[in-house]
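Next comes run.cif, a file with mmCIF, C-alpha atoms.
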data_target
#
loop_
_atom_site.label_atom_id
_atom_site.label_comp_id
_atom_site.auth_asym_id
_atom_site.auth_seq_id
_atom_site.Cartn_x
_atom_site.Cartn_y
_atom_site.Cartn_z
CA MET H 932 112.89 41.49 97.61
CA SER H 933 115.27 42.54 94.84
CA LYS H 934 115.84 46.11 93.79
CA PRO H 935 114.59 46.76 90.23
CA ASP H 936 117.14 47.02 87.43
CA ILE H 937 115.82 50.23 85.94
CA SER H 938 116.95 50.59 82.36
CA ILE H 939 115.83 51.62 78.93
CA ALA H 940 118.00 49.12 77.06
CA PRO H 941 116.44 45.69 76.51
CA VAL H 942 117.79 42.94 78.78
CA PRO H 943 116.66 39.32 78.49
CA PRO H 944 114.39 38.45 81.43
CA PRO H 945 114.87 35.28 83.50
CA PRO H 946 112.86 32.40 82.01
CA TRP H 947 110.46 32.27 84.98
CA ALA H 948 109.59 35.98 84.87
CA HIS H 949 106.29 37.39 83.66
CA ARG H 950 106.47 40.22 81.11
CA LEU H 951 104.04 43.04 81.88
CA LEU H 952 103.22 45.53 79.15
CA ILE H 953 102.28 48.87 80.65
CA LYS H 954 100.61 51.87 79.05
CA ASN H 955 101.51 55.52 79.77
CA MET H 956 105.19 54.98 80.56
CA VAL H 957 106.89 57.85 78.76
CA CYS H 958 109.94 58.88 80.78
CA PRO H 959 112.67 57.69 83.13
CA GLN H 960 110.60 58.82 86.14
CA CYS H 961 107.81 56.49 84.99
CA ILE H 962 110.29 53.62 84.99
CA ARG H 963 111.23 54.42 88.59
CA VAL H 964 107.62 54.73 89.75
CA VAL H 965 106.52 51.49 88.10
CA GLY H 966 109.50 49.67 89.63
CA GLU H 967 108.61 50.97 93.08
CA GLU H 968 104.90 50.14 92.70
CA LEU H 969 105.64 46.57 91.60
CA ALA H 970 108.21 46.07 94.38
CA ALA H 971 105.61 47.33 96.89
CA LEU H 972 103.48 44.32 95.89
CA ASP H 973 106.32 42.03 97.06
CA LEU H 974 107.14 41.09 93.49
CA LEU H 975 110.70 40.38 92.42
CA VAL H 976 111.30 43.10 89.85
CA HIS H 977 113.93 41.89 87.40
CA ARG H 978 113.75 44.74 84.90
CA VAL H 979 111.70 47.83 84.15
CA ALA H 980 111.92 49.68 80.82
CA LEU H 981 109.66 52.06 78.92
CA GLY H 982 106.36 50.24 78.46
CA GLU H 983 107.29 46.97 80.14
CA ALA H 984 108.49 45.19 83.25
CA ASP H 985 109.67 41.66 84.04
CA VAL H 986 108.54 40.34 87.42
CA SER H 987 108.17 37.11 89.35
CA THR H 988 106.91 36.08 92.77
CA PRO H 989 109.20 34.80 95.54
CA ASP H 990 107.47 31.40 95.50
CA GLY H 991 107.32 31.10 91.70
CA ALA H 992 103.50 31.27 91.60
CA ALA H 993 101.57 33.48 89.19
CA PRO H 994 101.37 37.11 90.32
CA ASP H 995 98.12 38.64 91.56
CA TRP H 996 97.07 40.28 88.29
CA ALA H 997 94.18 42.19 89.87
CA ALA H 998 96.50 43.72 92.50
CA ILE H 999 99.02 44.67 89.82
CA ARG H 1000 96.27 46.23 87.69
CA ARG H 1001 94.91 48.26 90.65
CA ARG H 1002 98.35 49.41 91.79
CA LEU H 1003 99.38 50.55 88.31
CA GLN H 1004 96.06 52.32 87.71
CA ALA H 1005 96.41 54.19 91.00
CA ALA H 1006 99.79 55.47 89.79
CA GLY H 1007 98.41 56.55 86.39
CA PHE H 1008 99.44 53.51 84.34
CA GLU H 1009 97.49 50.71 82.70
CA LEU H 1010 98.30 47.02 82.39
CA LEU H 1011 97.84 46.06 78.75
CA GLU H 1012 96.32 42.63 78.25
CA ASP H 1013 94.85 42.74 74.73
CA ALA H 1014 97.40 41.75 72.05
CA GLN H 1015 96.45 44.59 69.70
CA ASP H 1016 96.56 47.18 72.50
CA GLN H 1017 99.98 45.83 73.43
CA LEU H 1018 101.20 46.22 69.86
CA VAL H 1019 99.89 49.79 69.55
CA ASP H 1020 101.51 50.71 72.85
CA ARG H 1021 104.77 49.10 71.72
CA ILE H 1022 104.69 51.30 68.60
CA LYS H 1023 104.23 54.38 70.77
CA THR H 1024 106.96 53.33 73.20
CA LEU H 1025 109.48 52.70 70.42
CA LEU H 1026 108.74 56.06 68.82
CA VAL H 1027 108.80 58.04 72.07
CA ALA H 1028 112.10 56.44 73.07
CA LEU H 1029 113.61 57.13 69.65
CA ILE H 1030 112.49 60.78 69.53
CA HIS H 1031 112.94 61.77 73.18
CA TYR H 1032 115.88 59.52 74.14
CA PRO H 1033 117.75 58.81 70.89
CA PRO H 1034 120.86 56.65 70.88
CA PRO H 1035 124.06 58.74 70.59
CA SER H 1036 124.92 57.49 67.11
CA ARG H 1037 121.44 57.99 65.68
CA ARG H 1038 120.90 58.84 62.05
CA LEU H 1039 117.54 57.18 61.53
CA LEU H 1040 114.74 58.93 59.74
CA ASN H 1041 112.90 55.96 58.23
CA TYR H 1042 110.45 55.20 61.01
CA SER H 1043 108.44 52.67 58.98
CA THR H 1044 111.46 50.41 58.49
CA TYR H 1045 112.47 50.84 62.12
CA LEU H 1046 109.03 49.80 63.40
CA ALA H 1047 108.66 46.89 60.97
CA GLU H 1048 112.07 45.52 61.95
CA HIS H 1049 111.66 45.98 65.70
CA LEU H 1050 108.15 44.57 65.82
CA ASP H 1051 108.63 41.92 63.13
CA LYS H 1052 105.40 42.98 61.43
CA ASP H 1053 104.47 44.50 58.08
CA TYR H 1054 104.44 48.29 58.36
CA HIS H 1055 101.09 48.61 56.54
CA TYR H 1056 99.50 46.35 59.14
CA LEU H 1057 101.07 48.38 61.97
CA SER H 1058 99.95 51.64 60.37
CA HIS H 1059 96.35 50.47 59.93
CA LEU H 1060 96.17 49.06 63.46
CA PHE H 1061 97.63 52.25 64.96
CA SER H 1062 95.26 54.54 63.04
CA ALA H 1063 92.21 52.46 63.94
CA SER H 1064 93.18 52.39 67.62
CA GLU H 1065 94.46 55.93 68.12
CA GLY H 1066 92.44 57.95 65.60
CA LEU H 1067 95.59 59.42 64.05
CA THR H 1068 98.33 58.17 61.79
CA ILE H 1069 101.78 57.10 62.91
CA GLU H 1070 103.14 60.08 60.96
CA LYS H 1071 100.96 62.52 62.96
CA PHE H 1072 102.01 60.82 66.19
CA ILE H 1073 105.68 61.25 65.22
CA ILE H 1074 105.11 64.92 64.39
CA ARG H 1075 103.39 65.48 67.75
CA GLN H 1076 106.28 63.84 69.59
CA LYS H 1077 108.84 65.90 67.68
CA VAL H 1078 106.93 69.11 68.38
CA GLU H 1079 106.81 68.24 72.09
CA ARG H 1080 110.54 67.54 72.03
CA ALA H 1081 111.16 70.83 70.20
CA LYS H 1082 109.17 72.65 72.92
CA GLU H 1083 111.40 71.04 75.55
CA PHE H 1084 114.55 72.12 73.71
CA ILE H 1085 113.19 75.66 73.33
CA SER H 1086 112.35 75.86 77.04
CA TYR H 1087 115.91 74.83 77.95
CA GLY H 1088 117.26 77.71 75.85
CA GLU H 1089 120.51 75.86 75.15
CA LEU H 1090 120.14 75.15 71.42
CA SER H 1091 119.49 77.36 68.42
CA MET H 1092 116.46 76.65 66.22
CA THR H 1093 118.85 75.32 63.57
CA ASP H 1094 120.32 72.88 66.10
CA ILE H 1095 116.87 71.82 67.30
CA ALA H 1096 115.69 71.24 63.73
CA GLN H 1097 118.79 69.19 62.96
CA GLN H 1098 118.46 67.18 66.20
CA LEU H 1099 114.89 66.24 65.25
CA GLY H 1100 115.71 65.36 61.64
CA TYR H 1101 114.28 68.43 59.89
CA SER H 1102 116.04 70.06 56.95
CA SER H 1103 115.67 73.58 58.34
CA PRO H 1104 114.11 75.63 61.14
CA ALA H 1105 111.37 76.65 58.69
CA HIS H 1106 110.49 72.98 58.10
CA LEU H 1107 110.31 72.43 61.87
CA SER H 1108 108.16 75.56 62.30
CA ARG H 1109 105.63 74.29 59.76
CA GLN H 1110 105.15 71.19 61.91
CA PHE H 1111 103.75 73.35 64.72
CA ARG H 1112 101.00 74.57 62.38
CA GLN H 1113 100.04 71.03 61.28
CA LEU H 1114 98.78 70.13 64.72
#
What would the structure in this file look like if it were written as structure tokens?
Amino acid sequence: MSKPDISIAPVPPPPWAHRLLIKNMVCPQCIRVVGEELAALDLLVHRVALGEADVSTPDGAAPDWAAIRRRLQAAGFELLEDAQDQLVDRIKTLLVALIHYPPPSRRLLNYSTYLAEHLDKDYHYLSHLFSASEGLTIEKFIIRQKVERAKEFISYGELSMTDIAQQLGYSSPAHLSRQFRQL
């Protein structure tokens, strides 16, 4: 059994691997837990990243989907099988990764372009699908994620409010503070 390559950066899977899309993966610890749970099923875990994993079986047969589903559910995750659910979860995963774990040279504030390019879909379609599925707009989801990230920064006590606002793409601490009231 191979040890999972636990990463956030996308790596091409081997051609024989099965891509699993997994709901509720929001942090590096989730990546570790999912990797361990899949390995415990005697799957060869080629890669685990936020929201997905690439696995195969030692004999090349199809994995036991029911066992995977049960194991992930027991750990608080969900195997996504519906194409629209997968797309909505992919939107969430991209946004969470961008807000909570931004690349070092990040200067992106146009989330609609980012999502459209990364998902190769029209943003209006993505926006409508997300709102219908989640009951809130992508913009509200982004604000909620930024507020959660701001709370983390505040709890660490290492950054000023000006630094936190700047880190999250707000023009001022006052602008960031108004976001707390919008929720």
Closest pair table for region 1078-1099 of chain H residues within 12 Å of region 1031-1052 of chain H, all atoms listed in the file, as a Markdown table:
| residue | atom | partner | partner_atom | distance |
| --- | --- | --- | --- | --- |
| H:Val1078 | CA | H:His1031 | CA | 10.6 |
| H:Glu1079 | CA | H:His1031 | CA | 9.0 |
| H:Arg1080 | CA | H:His1031 | CA | 6.4 |
| H:Ala1081 | CA | H:His1031 | CA | 9.7 |
| H:Lys1082 | CA | H:His1031 | CA | 11.5 |
| H:Glu1083 | CA | H:His1031 | CA | 9.7 |
| H:Phe1084 | CA | H:His1031 | CA | 10.5 |
| H:Gln1097 | CA | H:Arg1038 | CA | 10.6 |
| H:Gln1098 | CA | H:Pro1033 | CA | 9.6 |
| H:Leu1099 | CA | H:Leu1040 | CA | 9.2 |
Using all atoms listed in the file, which protein or nucleic acid residues come within 7 Å of region 1105-1113 of chain H? Drop anything in the same chain fewer than 2 positions from it, and give the result as a PyMOL selection string. chain H and resi 1074+1078+1096+1101-1103
CA of Leu974 (chain H) to CA of Leu952 (chain H): how many Å, to one decimal? 15.5 Å
Using only C-alpha atoms, which residue out of H:Cys958, H:Met1092, H:Ile999, H:Ala1005 lies closest to Leu972 (chain H)?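 Looking only at the distances to Leu972 (chain H), the closest residue turns out to be H:Ile999.
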Considering only C-alpha atoms, can you say which of H:Trp947, H:Gly966, H:Leu1029, H:Gly1066 comes closest to Asp990 (chain H)?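 Nearest to Asp990 (chain H): H:Trp947.
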Given all atoms listed in the file as the counted atoms, nearest of H:Lys1077, H:Tyr1054, H:Val964, H:Asp973 to Ala998 (chain H):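 Residue with the minimum atom-to-atom distance to Ala998 (chain H): H:Asp973.
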The PyMOL selection byres ((chain H and resi 967) around 12) applied to the shown file, residues as a PyMOL selection string: chain H and resi 932-937+960-966+968-979+984+999+1002-1003+1006
Can I get the selection written as a PDB file, keeping the file's coordinate frame, with C-alpha atoms?
ATOM      1  CA  MET H 932     112.890  41.490  97.610  1.00  0.00           C
ATOM      2  CA  SER H 933     115.270  42.540  94.840  1.00  0.00           C
ATOM      3  CA  LYS H 934     115.840  46.110  93.790  1.00  0.00           C
ATOM      4  CA  PRO H 935     114.590  46.760  90.230  1.00  0.00           C
ATOM      5  CA  ASP H 936     117.140  47.020  87.430  1.00  0.00           C
ATOM      6  CA  ILE H 937     115.820  50.230  85.940  1.00  0.00           C
ATOM      7  CA  GLN H 960     110.600  58.820  86.140  1.00  0.00           C
ATOM      8  CA  CYS H 961     107.810  56.490  84.990  1.00  0.00           C
ATOM      9  CA  ILE H 962     110.290  53.620  84.990  1.00  0.00           C
ATOM     10  CA  ARG H 963     111.230  54.420  88.590  1.00  0.00           C
ATOM     11  CA  VAL H 964     107.620  54.730  89.750  1.00  0.00           C
ATOM     12  CA  VAL H 965     106.520  51.490  88.100  1.00  0.00           C
ATOM     13  CA  GLY H 966     109.500  49.670  89.630  1.00  0.00           C
ATOM     14  CA  GLU H 968     104.900  50.140  92.700  1.00  0.00           C
ATOM     15  CA  LEU H 969     105.640  46.570  91.600  1.00  0.00           C
ATOM     16  CA  ALA H 970     108.210  46.070  94.380  1.00  0.00           C
ATOM     17  CA  ALA H 971     105.610  47.330  96.890  1.00  0.00           C
ATOM     18  CA  LEU H 972     103.480  44.320  95.890  1.00  0.00           C
ATOM     19  CA  ASP H 973     106.320  42.030  97.060  1.00  0.00           C
ATOM     20  CA  LEU H 974     107.140  41.090  93.490  1.00  0.00           C
ATOM     21  CA  LEU H 975     110.700  40.380  92.420  1.00  0.00           C
ATOM     22  CA  VAL H 976     111.300  43.100  89.850  1.00  0.00           C
ATOM     23  CA  HIS H 977     113.930  41.890  87.400  1.00  0.00           C
ATOM     24  CA  ARG H 978     113.750  44.740  84.900  1.00  0.00           C
ATOM     25  CA  VAL H 979     111.700  47.830  84.150  1.00  0.00           C
ATOM     26  CA  ALA H 984     108.490  45.190  83.250  1.00  0.00           C
ATOM     27  CA  ILE H 999      99.020  44.670  89.820  1.00  0.00           C
ATOM     28  CA  ARG H1002      98.350  49.410  91.790  1.00  0.00           C
ATOM     29  CA  LEU H1003      99.380  50.550  88.310  1.00  0.00           C
ATOM     30  CA  ALA H1006      99.790  55.470  89.790  1.00  0.00           C
TER      31      ALA H1006
END
Distance cut-off 12 Å, centre (96.2, 56.5, 83.3) in file coordinates, counting all atoms listed in the file: which residues qualify? Return them as an mmCIF file with C-alpha atoms, in the coordinates of the input.
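Writing done, so here's result28.cif:
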data_model
loop_
_atom_site.group_PDB
_atom_site.id
_atom_site.type_symbol
_atom_site.label_atom_id
_atom_site.label_comp_id
_atom_site.auth_asym_id
_atom_site.auth_seq_id
_atom_site.Cartn_x
_atom_site.Cartn_y
_atom_site.Cartn_z
ATOM 1 C CA ILE H 953 102.280 48.870 80.650
ATOM 2 C CA LYS H 954 100.610 51.870 79.050
ATOM 3 C CA ASN H 955 101.510 55.520 79.770
ATOM 4 C CA MET H 956 105.190 54.980 80.560
ATOM 5 C CA VAL H 957 106.890 57.850 78.760
ATOM 6 C CA CYS H 961 107.810 56.490 84.990
ATOM 7 C CA ARG H 1000 96.270 46.230 87.690
ATOM 8 C CA ARG H 1001 94.910 48.260 90.650
ATOM 9 C CA ARG H 1002 98.350 49.410 91.790
ATOM 10 C CA LEU H 1003 99.380 50.550 88.310
ATOM 11 C CA GLN H 1004 96.060 52.320 87.710
ATOM 12 C CA ALA H 1005 96.410 54.190 91.000
ATOM 13 C CA ALA H 1006 99.790 55.470 89.790
ATOM 14 C CA GLY H 1007 98.410 56.550 86.390
ATOM 15 C CA PHE H 1008 99.440 53.510 84.340
ATOM 16 C CA GLU H 1009 97.490 50.710 82.700
ATOM 17 C CA LEU H 1010 98.300 47.020 82.390
ATOM 18 C CA LEU H 1011 97.840 46.060 78.750
#
Provide the CA of Ala948 (chain H) to CA of Asp985 (chain H) distance in Å, to one decimal place. 5.7 Å
Point-to-point distance in Å for CA of Thr1024 (chain H) and CA of Leu1067 (chain H):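 So the two atoms, CA of Leu1067 (chain H) and CA of Thr1024 (chain H), lie 15.8 Å apart.
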Six-sided padding of 5 Å per side, axis-aligned box over region 1093-1101 of chain H, centre and edges in Å, one decimal, as JSON:
{"center_x": 117.3, "center_y": 70.3, "center_z": 63.6, "size_x": 16.0, "size_y": 20.0, "size_z": 17.4}
